[in-house]
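This is final.cif (mmCIF, C-alpha atoms).
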data_start
loop_
_atom_site.label_atom_id
_atom_site.label_comp_id
_atom_site.auth_asym_id
_atom_site.auth_seq_id
_atom_site.Cartn_x
_atom_site.Cartn_y
_atom_site.Cartn_z
CA MET E 9 81.96 -27.60 49.22
CA ARG E 10 80.32 -27.35 45.83
CA VAL E 11 78.03 -30.29 45.23
CA GLN E 12 76.46 -30.93 41.84
CA LEU E 13 73.95 -33.56 40.80
CA LEU E 14 73.29 -33.60 37.06
CA TYR E 15 70.41 -35.66 35.75
CA TYR E 16 68.50 -36.64 32.65
CA PRO E 17 64.77 -36.59 33.44
CA ASP E 18 63.94 -39.76 31.49
CA CYS E 19 66.15 -41.69 33.89
CA PRO E 20 64.29 -42.31 37.15
CA SER E 21 67.32 -42.72 39.43
CA HIS E 22 67.98 -39.07 40.27
CA GLU E 23 65.54 -38.76 43.15
CA ARG E 24 67.10 -41.71 44.97
CA ALA E 25 70.56 -40.40 44.05
CA LEU E 26 69.76 -37.04 45.64
CA GLU E 27 68.63 -38.76 48.84
CA LEU E 28 71.89 -40.70 48.93
CA VAL E 29 73.96 -37.55 48.37
CA TYR E 30 72.32 -35.81 51.34
CA GLU E 31 72.75 -38.97 53.43
CA ALA E 32 76.45 -39.14 52.55
CA LEU E 33 77.02 -35.43 53.28
CA GLN E 34 75.37 -35.81 56.66
CA ALA E 35 77.40 -38.94 57.46
CA GLU E 36 80.62 -37.03 56.67
CA GLY E 37 79.51 -33.97 58.65
CA VAL E 38 79.52 -31.69 55.62
CA ARG E 39 76.91 -28.96 55.30
CA ALA E 40 76.37 -28.05 51.68
CA ASP E 41 73.58 -27.30 49.27
CA VAL E 42 73.22 -29.57 46.28
CA GLU E 43 73.04 -27.85 42.93
CA VAL E 44 70.66 -29.95 40.85
CA VAL E 45 71.13 -29.52 37.09
CA ARG E 46 68.67 -30.89 34.54
CA ILE E 47 70.31 -32.08 31.31
CA GLU E 48 67.94 -32.30 28.36
CA THR E 49 69.92 -31.88 25.16
CA ASP E 50 73.04 -33.35 23.58
CA GLU E 51 74.55 -29.85 23.66
CA GLU E 52 74.01 -29.61 27.40
CA ALA E 53 75.50 -33.08 27.86
CA GLU E 54 78.65 -31.90 26.04
CA ARG E 55 78.82 -28.63 27.95
CA TYR E 56 78.50 -30.29 31.36
CA ARG E 57 80.68 -33.34 30.45
CA PHE E 58 77.68 -35.52 31.23
CA VAL E 59 78.17 -39.22 30.52
CA GLY E 60 74.93 -40.34 32.13
CA SER E 61 72.36 -39.79 34.82
CA PRO E 62 73.09 -39.23 37.62
CA THR E 63 76.48 -37.52 37.42
CA ILE E 64 77.57 -36.38 40.87
CA ARG E 65 80.51 -34.10 41.66
CA PHE E 66 81.94 -32.90 44.96
CA ASN E 67 83.96 -29.82 44.06
CA SER E 68 85.42 -31.04 40.78
CA ILE E 69 85.72 -34.68 41.82
CA GLU E 70 83.25 -36.98 40.11
CA VAL E 71 81.82 -40.09 41.75
CA ASP E 72 83.01 -43.15 39.79
CA PRO E 73 84.54 -41.20 36.88
CA GLN E 74 84.14 -42.92 33.51
CA PRO E 75 86.18 -40.79 31.09
CA GLN E 76 86.00 -43.45 28.38
CA LEU E 77 82.26 -42.85 27.91
CA PRO E 78 80.80 -40.35 25.43
CA TYR E 79 78.73 -37.37 26.56
CA ARG E 80 75.08 -38.33 26.00
CA LEU E 81 71.56 -38.54 27.37
CA THR E 82 71.34 -41.88 29.12
CA CYS E 83 71.22 -43.60 32.48
CA ARG E 84 74.52 -44.32 34.15
CA THR E 85 75.74 -47.60 35.61
CA PHE E 86 77.77 -47.68 38.81
CA LEU E 87 79.88 -50.66 39.86
CA ARG E 88 79.35 -50.97 43.58
CA GLU E 89 82.00 -52.27 45.97
CA ASP E 90 79.94 -55.47 46.41
CA GLY E 91 80.21 -56.16 42.68
CA ARG E 92 76.63 -55.27 41.83
CA LEU E 93 75.80 -52.97 38.92
CA SER E 94 73.41 -50.24 39.93
CA PRO E 95 71.73 -47.09 38.55
CA VAL E 96 72.93 -45.18 41.65
CA PRO E 97 76.25 -45.13 43.51
CA SER E 98 76.48 -46.74 46.92
CA LEU E 99 76.70 -44.67 50.08
CA THR E 100 80.31 -45.87 50.46
CA MET E 101 81.24 -44.57 47.00
CA LEU E 102 79.70 -41.19 47.78
CA ARG E 103 81.38 -40.91 51.17
CA GLU E 104 84.79 -41.82 49.74
CA THR E 105 84.43 -39.09 47.10
CA ILE E 106 83.38 -36.54 49.71
CA ARG E 107 86.48 -37.43 51.75
CA LYS E 108 88.70 -36.94 48.70
CA ALA E 109 87.12 -33.54 48.11
CA MET E 110 87.65 -32.60 51.77
CA GLU E 111 91.30 -33.66 51.60
CA GLU E 112 91.73 -31.51 48.51
CA GLU E 113 90.12 -28.58 50.28
CA GLU E 114 92.44 -29.00 53.26
CA GLU E 115 95.46 -29.07 50.96
CA HIS E 116 94.34 -25.80 49.42
CA GLY E 117 93.16 -24.25 52.69
CA ILE E 118 89.49 -24.06 51.69
CA GLY E 119 86.70 -24.40 54.27
CA THR E 120 84.09 -27.18 54.08
CA GLY E 121 81.10 -25.21 55.39
CA MET C 13 50.26 -46.62 24.88
CA ALA C 14 51.15 -50.08 26.15
CA LEU C 15 49.26 -53.17 25.08
CA GLU C 16 46.19 -53.43 27.29
CA LEU C 17 45.51 -56.28 29.68
CA GLY C 18 43.21 -58.82 28.05
CA LYS C 19 44.64 -58.24 24.56
CA SER C 20 46.23 -61.01 22.52
CA VAL C 21 49.95 -61.37 22.03
CA VAL C 22 51.32 -59.22 19.22
CA ASP C 23 52.98 -61.42 16.64
CA PHE C 24 56.62 -60.89 15.70
CA SER C 25 59.36 -62.54 13.75
CA LEU C 26 62.77 -61.42 14.97
CA PRO C 27 66.35 -62.64 14.73
CA GLY C 28 67.94 -63.98 17.87
CA VAL C 29 71.57 -63.74 18.90
CA ASP C 30 71.88 -67.45 18.04
CA GLY C 31 71.13 -66.76 14.37
CA LYS C 32 67.63 -68.28 14.48
CA THR C 33 64.38 -66.40 13.91
CA TYR C 34 61.73 -66.50 16.64
CA SER C 35 58.01 -65.83 16.83
CA PRO C 36 55.48 -66.38 19.65
CA ALA C 37 54.38 -69.63 17.96
CA ASP C 38 57.80 -71.11 18.73
CA PHE C 39 56.86 -71.14 22.42
CA ALA C 40 53.45 -72.79 22.04
CA ASP C 41 54.55 -75.75 24.18
CA LYS C 42 54.77 -73.54 27.28
CA PRO C 43 51.60 -72.46 29.13
CA VAL C 44 52.99 -68.99 29.88
CA LEU C 45 55.02 -66.61 27.73
CA VAL C 46 57.02 -63.66 29.09
CA VAL C 47 58.08 -61.00 26.59
CA ALA C 48 60.68 -58.70 28.15
CA PHE C 49 61.88 -55.49 26.51
CA TRP C 50 65.56 -55.45 27.22
CA CYS C 51 68.91 -53.98 26.20
CA ASN C 52 72.61 -54.05 27.04
CA HIS C 53 73.41 -50.56 28.22
CA CYS C 54 70.71 -49.73 30.77
CA PRO C 55 71.72 -49.95 34.44
CA TYR C 56 68.21 -51.04 35.40
CA VAL C 57 68.50 -54.02 33.05
CA LYS C 58 71.89 -54.77 34.59
CA ALA C 59 70.42 -54.47 38.08
CA TYR C 60 67.64 -56.90 37.15
CA GLU C 61 69.66 -59.18 34.88
CA ASP C 62 70.64 -61.85 37.42
CA ARG C 63 67.16 -61.85 38.95
CA THR C 64 65.56 -62.33 35.54
CA ILE C 65 67.98 -65.10 34.58
CA ALA C 66 67.27 -66.88 37.89
CA LEU C 67 63.52 -66.59 37.38
CA ALA C 68 63.74 -67.87 33.81
CA ARG C 69 65.77 -70.87 34.98
CA GLU C 70 63.42 -71.57 37.87
CA PHE C 71 60.33 -71.57 35.64
CA ALA C 72 62.04 -73.07 32.58
CA GLY C 73 59.75 -76.10 32.36
CA GLN C 74 56.52 -74.11 32.16
CA VAL C 75 57.31 -70.54 31.21
CA ALA C 76 59.00 -69.30 28.05
CA PHE C 77 60.99 -66.09 28.43
CA VAL C 78 62.05 -64.02 25.44
CA ALA C 79 64.00 -60.75 25.59
CA ILE C 80 63.75 -58.10 22.86
CA ASN C 81 66.15 -55.21 22.32
CA ALA C 82 64.78 -52.38 20.17
CA ASN C 83 67.23 -49.62 21.08
CA ASP C 84 68.88 -47.42 18.47
CA ALA C 85 72.34 -48.96 18.18
CA VAL C 86 73.73 -45.94 16.34
CA LYS C 87 73.42 -43.68 19.37
CA TYR C 88 73.85 -46.56 21.83
CA PRO C 89 76.47 -48.87 20.29
CA GLU C 90 76.45 -51.15 23.35
CA ASP C 91 73.03 -52.25 22.10
CA SER C 92 74.22 -53.45 18.70
CA TYR C 93 73.46 -57.00 17.55
CA GLU C 94 77.11 -57.99 18.02
CA ASN C 95 77.16 -56.66 21.56
CA MET C 96 73.84 -58.44 22.26
CA GLN C 97 75.51 -61.69 21.19
CA ALA C 98 78.44 -60.99 23.50
CA ARG C 99 76.24 -60.12 26.48
CA ALA C 100 74.02 -63.18 26.07
CA LYS C 101 77.09 -65.39 25.92
CA GLU C 102 78.84 -63.72 28.85
CA LYS C 103 75.79 -64.03 31.13
CA GLY C 104 74.56 -67.36 29.76
CA TYR C 105 71.08 -66.09 28.96
CA PRO C 106 68.67 -69.05 29.27
CA PHE C 107 66.23 -67.33 26.88
CA PRO C 108 66.33 -66.10 23.27
CA TYR C 109 67.62 -62.52 22.97
CA LEU C 110 66.04 -60.91 19.91
CA HIS C 111 66.91 -57.83 17.89
CA ASP C 112 64.06 -55.50 16.91
CA GLU C 113 66.12 -53.30 14.62
CA SER C 114 63.11 -51.60 12.99
CA GLN C 115 61.59 -50.95 16.45
CA GLU C 116 58.20 -52.02 15.04
CA VAL C 117 57.67 -54.72 17.66
CA ALA C 118 58.45 -52.39 20.55
CA ARG C 119 56.03 -49.84 19.09
CA ALA C 120 53.34 -52.49 18.59
CA TYR C 121 53.63 -53.51 22.25
CA GLY C 122 53.77 -49.89 23.37
CA ALA C 123 56.94 -50.62 25.31
CA THR C 124 58.51 -47.53 26.85
CA ARG C 125 61.18 -48.84 29.22
CA THR C 126 63.86 -51.45 29.63
CA PRO C 127 63.27 -53.71 31.41
CA GLU C 128 59.51 -54.02 30.84
CA PHE C 129 57.67 -57.32 31.13
CA PHE C 130 54.52 -58.54 29.33
CA VAL C 131 53.13 -61.89 30.54
CA PHE C 132 50.73 -63.93 28.41
CA ASP C 133 48.65 -66.90 29.56
CA GLN C 134 48.05 -70.20 27.74
CA SER C 135 45.61 -68.48 25.34
CA ARG C 136 48.31 -65.86 24.81
CA VAL C 137 46.23 -63.14 26.40
CA LEU C 138 48.08 -60.41 28.31
CA ARG C 139 47.63 -60.98 32.05
CA TYR C 140 50.50 -59.02 33.63
CA HIS C 141 52.44 -55.95 32.52
CA GLY C 142 55.13 -54.00 34.32
CA ARG C 143 58.20 -54.45 36.46
CA LEU C 144 59.82 -57.54 37.95
CA ASP C 145 59.61 -56.52 41.61
CA ASP C 146 59.44 -53.51 43.89
CA ASN C 147 63.13 -52.85 44.54
CA TRP C 148 65.59 -52.21 41.72
CA GLU C 149 68.22 -51.05 44.13
CA ASN C 150 68.55 -53.95 46.51
CA PRO C 151 67.44 -57.54 45.83
CA SER C 152 67.56 -58.36 49.54
CA GLU C 153 64.93 -55.70 50.28
CA VAL C 154 62.34 -56.84 47.76
CA ARG C 155 58.88 -57.08 49.30
CA GLN C 156 56.67 -57.57 46.26
CA GLN C 157 57.62 -60.18 43.63
CA TYR C 158 55.17 -58.99 40.98
CA LEU C 159 56.42 -61.11 38.08
CA ARG C 160 56.98 -64.27 40.12
CA ASP C 161 53.54 -63.94 41.72
CA ALA C 162 51.93 -63.47 38.31
CA LEU C 163 53.66 -66.57 36.92
CA ASN C 164 52.68 -68.72 39.91
CA ALA C 165 49.08 -67.51 39.73
CA LEU C 166 48.75 -68.19 36.00
CA LEU C 167 50.31 -71.65 36.32
CA ASN C 168 47.74 -72.40 39.03
CA GLY C 169 44.85 -71.16 36.92
CA GLN C 170 44.40 -68.00 38.98
CA GLU C 171 44.43 -64.27 38.37
CA PRO C 172 47.75 -62.51 39.03
CA PRO C 173 47.38 -60.75 42.41
CA VAL C 174 48.69 -57.56 40.82
CA ALA C 175 48.05 -57.33 37.08
CA GLN C 176 49.77 -54.05 36.26
CA THR C 177 52.68 -52.06 37.67
CA GLU C 178 54.61 -49.07 36.38
CA PRO C 179 57.74 -50.32 34.58
CA VAL C 180 60.92 -48.80 35.96
CA GLY C 181 64.04 -48.43 33.84
CA CYS C 182 65.63 -46.57 30.96
CA THR C 183 63.47 -45.27 28.15
CA VAL C 184 63.48 -47.23 24.90
CA LYS C 185 65.96 -45.39 22.67
CA TRP C 186 63.95 -44.55 19.56
CA LYS C 187 65.59 -43.65 16.27
#
Can the structure in the file be given as structure tokens, please?
Amino acid sequence: MRVQLLYYPDCPSHERALELVYEALQAEGVRADVEVVRIETDEEAERYRFVGSPTIRFNSIEVDPQPQLPYRLTCRTFLREDGRLSPVPSLTMLRETIRKAMEEEEEHGIGTG
Amino acid sequence: MALELGKSVVDFSLPGVDGKTYSPADFADKPVLVVAFWCNHCPYVKAYEDRTIALAREFAGQVAFVAINANDAVKYPEDSYENMQARAKEKGYPFPYLHDESQEVARAYGATRTPEFFVFDQSRVLRYHGRLDDNWENPSEVRQQYLRDALNALLNGQEPPVAQTEPVGCTVKWK
């Protein structure tokens, strides 16, 4: 599985987000490296379709996609399942996205290793 | 560089979302003044919003809270004056929410993040600067209530147990 974490260094949430990503991967039994991408310019934000830090993708599936937002250098808000607004996604949100990515891989006959 | 502990409050005159203009002198009847650099779009502000509102309500008789948004509303339209008005109304802010369009006040305070709190005592001398508590992620796991402890100490004529912490949040969006 391809795992990407894109972050804007002025936003302090990426370290905690990375911990949560590894925790979620372990909980779902998925072994994968996380590609960490630093976004520092508006051009990079456009190129990577980056709407805020952290942006996390499992294969091509984004955690809490927010297509209405512009590409820009900012912190990102996640609406957790308990109704709280947070600078990082919850473990549940991450695990659900990993499961979707795994289902997609199974449909296309791709391994998860 | 942020305003140093022991320095006097930096004066300002800024429009609030209620159409009035506010300065520190408007809060002279309260023994403690909290100046919070704030905005609409930042997830850290959103994470701390309910906690800040609750604290402002709890200390309403003795502590004046004022929130200031200095972010560039061109690049961050959620932080426009109109959206500030909407957010204050939606959440029922119990404190004035002021617009620092020129960003001069934020620069004078040396604010770098939202949220970032500056606490002034009765003589309007800076006695605490930094974050609200030690856990932005989960209110139920807070161990250190820095801002609350500072307010209680000052109201009891004591030194805040912790006078300075590193603010955590989004950077102020300069023009």
**Report entry** For range 38-47 of chain E: contacts at 10 Å, all atoms listed in the file, fewer than 5 positions along chain excluded, given as a VMD selection string
**Finding:** chain E and resid 9 to 18 22 26 29 to 30 32 to 33 52 to 56 58 60 to 66 80 to 81 106 to 107 110 120 to 121
On this structure, which residues satisfy the PyMOL selection byres ((chain E) within 9 of (chain C)), written as a CSV table (one decimal) with C-alpha atoms, in the frame of the given file?
chain,number,residue,atom,x,y,z
E,18,ASP,CA,63.9,-39.8,31.5
E,19,CYS,CA,66.2,-41.7,33.9
E,20,PRO,CA,64.3,-42.3,37.2
E,21,SER,CA,67.3,-42.7,39.4
E,80,ARG,CA,75.1,-38.3,26.0
E,82,THR,CA,71.3,-41.9,29.1
E,83,CYS,CA,71.2,-43.6,32.5
E,84,ARG,CA,74.5,-44.3,34.2
E,85,THR,CA,75.7,-47.6,35.6
E,86,PHE,CA,77.8,-47.7,38.8
E,92,ARG,CA,76.6,-55.3,41.8
E,93,LEU,CA,75.8,-53.0,38.9
E,94,SER,CA,73.4,-50.2,39.9
E,95,PRO,CA,71.7,-47.1,38.6
E,96,VAL,CA,72.9,-45.2,41.6
Selection dump of the PyMOL selection byres ((chain C and resi 36) around 9), as a JSON list (two decimals) with C-alpha atoms, in the frame of the given file:
[["chain", "number", "residue", "atom", "x", "y", "z"],
["C", 21, "VAL", "CA", 49.95, -61.37, 22.03],
["C", 22, "VAL", "CA", 51.32, -59.22, 19.22],
["C", 23, "ASP", "CA", 52.98, -61.42, 16.64],
["C", 24, "PHE", "CA", 56.62, -60.89, 15.70],
["C", 25, "SER", "CA", 59.36, -62.54, 13.75],
["C", 34, "TYR", "CA", 61.73, -66.50, 16.64],
["C", 35, "SER", "CA", 58.01, -65.83, 16.83],
["C", 37, "ALA", "CA", 54.38, -69.63, 17.96],
["C", 38, "ASP", "CA", 57.80, -71.11, 18.73],
["C", 39, "PHE", "CA", 56.86, -71.14, 22.42],
["C", 40, "ALA", "CA", 53.45, -72.79, 22.04],
["C", 45, "LEU", "CA", 55.02, -66.61, 27.73],
["C", 136, "ARG", "CA", 48.31, -65.86, 24.81]]
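Of note, CA of Leu17 in chain C and CA of Leu138 in chain C are spaced 5.1 Å apart.
Taking CA of Leu159 in chain C and CA of Asp145 in chain C as endpoints, the distance between them is 6.6 Å.
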Requested in this report: Check the smallest atom-to-atom distance from each of C:Glu178, C:Thr64, C:Val47, C:Ala82 to Pro151 in chain C using only C-alpha atoms, then report the winner.
Outcome: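 Answer, going by the shortest atom-to-atom distance: C:Thr64.
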Requested in this report: Go through E:Glu23, E:Glu114, E:Arg88, E:Pro78 one by one, measure the shortest atom-to-atom distance of each to Leu102 in chain E using only C-alpha atoms, and give the residue with the smallest value.
Outcome: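 The answer is E:Arg88, which sits nearest to Leu102 in chain E.
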Could you tell me, as a PDB file with C-alpha atoms, in the frame of the given file, which residues have any atom at most 9 Å from (65.1, -53.1, 13.7), counting all atoms listed in the file?
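Output (result05.pdb):
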ATOM      1  CA  LEU C  26      62.770 -61.420  14.970  1.00  0.00           C
ATOM      2  CA  ASN C  81      66.150 -55.210  22.320  1.00  0.00           C
ATOM      3  CA  ALA C  82      64.780 -52.380  20.170  1.00  0.00           C
ATOM      4  CA  ASN C  83      67.230 -49.620  21.080  1.00  0.00           C
ATOM      5  CA  ASP C  84      68.880 -47.420  18.470  1.00  0.00           C
ATOM      6  CA  HIS C 111      66.910 -57.830  17.890  1.00  0.00           C
ATOM      7  CA  ASP C 112      64.060 -55.500  16.910  1.00  0.00           C
ATOM      8  CA  GLU C 113      66.120 -53.300  14.620  1.00  0.00           C
ATOM      9  CA  SER C 114      63.110 -51.600  12.990  1.00  0.00           C
ATOM     10  CA  GLN C 115      61.590 -50.950  16.450  1.00  0.00           C
ATOM     11  CA  GLU C 116      58.200 -52.020  15.040  1.00  0.00           C
ATOM     12  CA  VAL C 117      57.670 -54.720  17.660  1.00  0.00           C
TER      13      VAL C 117
END
Query raised in the report: For the atom pair CA of Thr126 in chain C and CA of Gly142 in chain C, what is the interatomic distance in Å to one decimal place?
Result: 10.2 Å
Generate N, CA and C atoms for range 58-93 of chain E and emit them as a PDB file, in the frame of the given file.
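Written output follows (out-v7.pdb):
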ATOM      1  N   PHE E  58      78.670 -34.633  30.613  1.00  0.00           N
ATOM      2  CA  PHE E  58      77.680 -35.520  31.230  1.00  0.00           C
ATOM      3  C   PHE E  58      77.669 -36.856  30.492  1.00  0.00           C
ATOM      4  N   VAL E  59      78.125 -37.908  31.177  1.00  0.00           N
ATOM      5  CA  VAL E  59      78.170 -39.220  30.520  1.00  0.00           C
ATOM      6  C   VAL E  59      76.972 -40.086  30.896  1.00  0.00           C
ATOM      7  N   GLY E  60      76.125 -39.582  31.765  1.00  0.00           N
ATOM      8  CA  GLY E  60      74.930 -40.340  32.130  1.00  0.00           C
ATOM      9  C   GLY E  60      74.342 -39.846  33.423  1.00  0.00           C
ATOM     10  N   SER E  61      73.107 -40.246  33.649  1.00  0.00           N
ATOM     11  CA  SER E  61      72.360 -39.790  34.820  1.00  0.00           C
ATOM     12  C   SER E  61      72.323 -40.867  35.907  1.00  0.00           C
ATOM     13  N   PRO E  62      72.654 -40.530  37.140  1.00  0.00           N
ATOM     14  CA  PRO E  62      73.090 -39.230  37.620  1.00  0.00           C
ATOM     15  C   PRO E  62      74.607 -39.088  37.548  1.00  0.00           C
ATOM     16  N   THR E  63      75.063 -37.858  37.286  1.00  0.00           N
ATOM     17  CA  THR E  63      76.480 -37.520  37.420  1.00  0.00           C
ATOM     18  C   THR E  63      76.609 -36.652  38.668  1.00  0.00           C
ATOM     19  N   ILE E  64      77.476 -37.057  39.566  1.00  0.00           N
ATOM     20  CA  ILE E  64      77.570 -36.380  40.870  1.00  0.00           C
ATOM     21  C   ILE E  64      79.002 -35.929  41.080  1.00  0.00           C
ATOM     22  N   ARG E  65      79.161 -34.646  41.437  1.00  0.00           N
ATOM     23  CA  ARG E  65      80.510 -34.100  41.660  1.00  0.00           C
ATOM     24  C   ARG E  65      80.568 -33.382  43.006  1.00  0.00           C
ATOM     25  N   PHE E  66      81.638 -33.636  43.730  1.00  0.00           N
ATOM     26  CA  PHE E  66      81.940 -32.900  44.960  1.00  0.00           C
ATOM     27  C   PHE E  66      83.169 -32.062  44.641  1.00  0.00           C
ATOM     28  N   ASN E  67      83.002 -30.735  44.678  1.00  0.00           N
ATOM     29  CA  ASN E  67      83.960 -29.820  44.060  1.00  0.00           C
ATOM     30  C   ASN E  67      84.109 -30.304  42.603  1.00  0.00           C
ATOM     31  N   SER E  68      85.317 -30.593  42.181  1.00  0.00           N
ATOM     32  CA  SER E  68      85.420 -31.040  40.780  1.00  0.00           C
ATOM     33  C   SER E  68      85.558 -32.559  40.683  1.00  0.00           C
ATOM     34  N   ILE E  69      85.455 -33.238  41.820  1.00  0.00           N
ATOM     35  CA  ILE E  69      85.720 -34.680  41.820  1.00  0.00           C
ATOM     36  C   ILE E  69      84.423 -35.446  41.559  1.00  0.00           C
ATOM     37  N   GLU E  70      84.441 -36.246  40.519  1.00  0.00           N
ATOM     38  CA  GLU E  70      83.250 -36.980  40.110  1.00  0.00           C
ATOM     39  C   GLU E  70      83.194 -38.349  40.800  1.00  0.00           C
ATOM     40  N   VAL E  71      82.010 -38.756  41.185  1.00  0.00           N
ATOM     41  CA  VAL E  71      81.820 -40.090  41.750  1.00  0.00           C
ATOM     42  C   VAL E  71      81.918 -41.114  40.616  1.00  0.00           C
ATOM     43  N   ASP E  72      82.815 -42.095  40.782  1.00  0.00           N
ATOM     44  CA  ASP E  72      83.010 -43.150  39.790  1.00  0.00           C
ATOM     45  C   ASP E  72      83.224 -42.573  38.387  1.00  0.00           C
ATOM     46  N   PRO E  73      84.307 -41.807  38.193  1.00  0.00           N
ATOM     47  CA  PRO E  73      84.540 -41.200  36.880  1.00  0.00           C
ATOM     48  C   PRO E  73      84.685 -42.254  35.783  1.00  0.00           C
ATOM     49  N   GLN E  74      84.089 -41.970  34.633  1.00  0.00           N
ATOM     50  CA  GLN E  74      84.140 -42.920  33.510  1.00  0.00           C
ATOM     51  C   GLN E  74      84.504 -42.153  32.247  1.00  0.00           C
ATOM     52  N   PRO E  75      85.778 -41.679  32.185  1.00  0.00           N
ATOM     53  CA  PRO E  75      86.180 -40.790  31.090  1.00  0.00           C
ATOM     54  C   PRO E  75      86.136 -41.436  29.714  1.00  0.00           C
ATOM     55  N   GLN E  76      86.045 -42.764  29.676  1.00  0.00           N
ATOM     56  CA  GLN E  76      86.000 -43.450  28.380  1.00  0.00           C
ATOM     57  C   GLN E  76      84.623 -43.322  27.705  1.00  0.00           C
ATOM     58  N   LEU E  77      83.610 -42.895  28.463  1.00  0.00           N
ATOM     59  CA  LEU E  77      82.260 -42.850  27.910  1.00  0.00           C
ATOM     60  C   LEU E  77      81.995 -41.539  27.180  1.00  0.00           C
ATOM     61  N   PRO E  78      81.155 -41.583  26.138  1.00  0.00           N
ATOM     62  CA  PRO E  78      80.800 -40.350  25.430  1.00  0.00           C
ATOM     63  C   PRO E  78      79.795 -39.514  26.240  1.00  0.00           C
ATOM     64  N   TYR E  79      79.731 -38.231  25.924  1.00  0.00           N
ATOM     65  CA  TYR E  79      78.730 -37.370  26.560  1.00  0.00           C
ATOM     66  C   TYR E  79      77.393 -37.619  25.856  1.00  0.00           C
ATOM     67  N   ARG E  80      76.367 -37.991  26.625  1.00  0.00           N
ATOM     68  CA  ARG E  80      75.080 -38.330  26.000  1.00  0.00           C
ATOM     69  C   ARG E  80      73.982 -38.429  27.048  1.00  0.00           C
ATOM     70  N   LEU E  81      72.740 -38.461  26.520  1.00  0.00           N
ATOM     71  CA  LEU E  81      71.560 -38.540  27.370  1.00  0.00           C
ATOM     72  C   LEU E  81      71.236 -40.001  27.630  1.00  0.00           C
ATOM     73  N   THR E  82      71.587 -40.474  28.787  1.00  0.00           N
ATOM     74  CA  THR E  82      71.340 -41.880  29.120  1.00  0.00           C
ATOM     75  C   THR E  82      71.397 -42.056  30.628  1.00  0.00           C
ATOM     76  N   CYS E  83      71.036 -43.257  31.064  1.00  0.00           N
ATOM     77  CA  CYS E  83      71.220 -43.600  32.480  1.00  0.00           C
ATOM     78  C   CYS E  83      72.642 -44.125  32.662  1.00  0.00           C
ATOM     79  N   ARG E  84      73.132 -43.955  33.865  1.00  0.00           N
ATOM     80  CA  ARG E  84      74.520 -44.320  34.150  1.00  0.00           C
ATOM     81  C   ARG E  84      74.577 -45.543  35.055  1.00  0.00           C
ATOM     82  N   THR E  85      75.561 -46.398  34.792  1.00  0.00           N
ATOM     83  CA  THR E  85      75.740 -47.600  35.610  1.00  0.00           C
ATOM     84  C   THR E  85      76.919 -47.412  36.554  1.00  0.00           C
ATOM     85  N   PHE E  86      76.710 -47.740  37.813  1.00  0.00           N
ATOM     86  CA  PHE E  86      77.770 -47.680  38.810  1.00  0.00           C
ATOM     87  C   PHE E  86      78.129 -49.098  39.243  1.00  0.00           C
ATOM     88  N   LEU E  87      79.422 -49.369  39.343  1.00  0.00           N
ATOM     89  CA  LEU E  87      79.880 -50.660  39.860  1.00  0.00           C
ATOM     90  C   LEU E  87      80.134 -50.505  41.355  1.00  0.00           C
ATOM     91  N   ARG E  88      79.250 -51.101  42.126  1.00  0.00           N
ATOM     92  CA  ARG E  88      79.350 -50.970  43.580  1.00  0.00           C
ATOM     93  C   ARG E  88      80.487 -51.837  44.130  1.00  0.00           C
ATOM     94  N   GLU E  89      80.902 -51.540  45.344  1.00  0.00           N
ATOM     95  CA  GLU E  89      82.000 -52.270  45.970  1.00  0.00           C
ATOM     96  C   GLU E  89      81.655 -53.744  46.208  1.00  0.00           C
ATOM     97  N   ASP E  90      80.348 -54.071  46.240  1.00  0.00           N
ATOM     98  CA  ASP E  90      79.940 -55.470  46.410  1.00  0.00           C
ATOM     99  C   ASP E  90      79.823 -56.198  45.070  1.00  0.00           C
ATOM    100  N   GLY E  91      80.209 -55.535  43.993  1.00  0.00           N
ATOM    101  CA  GLY E  91      80.210 -56.160  42.680  1.00  0.00           C
ATOM    102  C   GLY E  91      78.917 -55.998  41.893  1.00  0.00           C
ATOM    103  N   ARG E  92      77.897 -55.432  42.547  1.00  0.00           N
ATOM    104  CA  ARG E  92      76.630 -55.270  41.830  1.00  0.00           C
ATOM    105  C   ARG E  92      76.667 -54.029  40.941  1.00  0.00           C
ATOM    106  N   LEU E  93      75.953 -54.121  39.808  1.00  0.00           N
ATOM    107  CA  LEU E  93      75.800 -52.970  38.920  1.00  0.00           C
ATOM    108  C   LEU E  93      74.503 -52.276  39.309  1.00  0.00           C
TER     109      LEU E  93
END
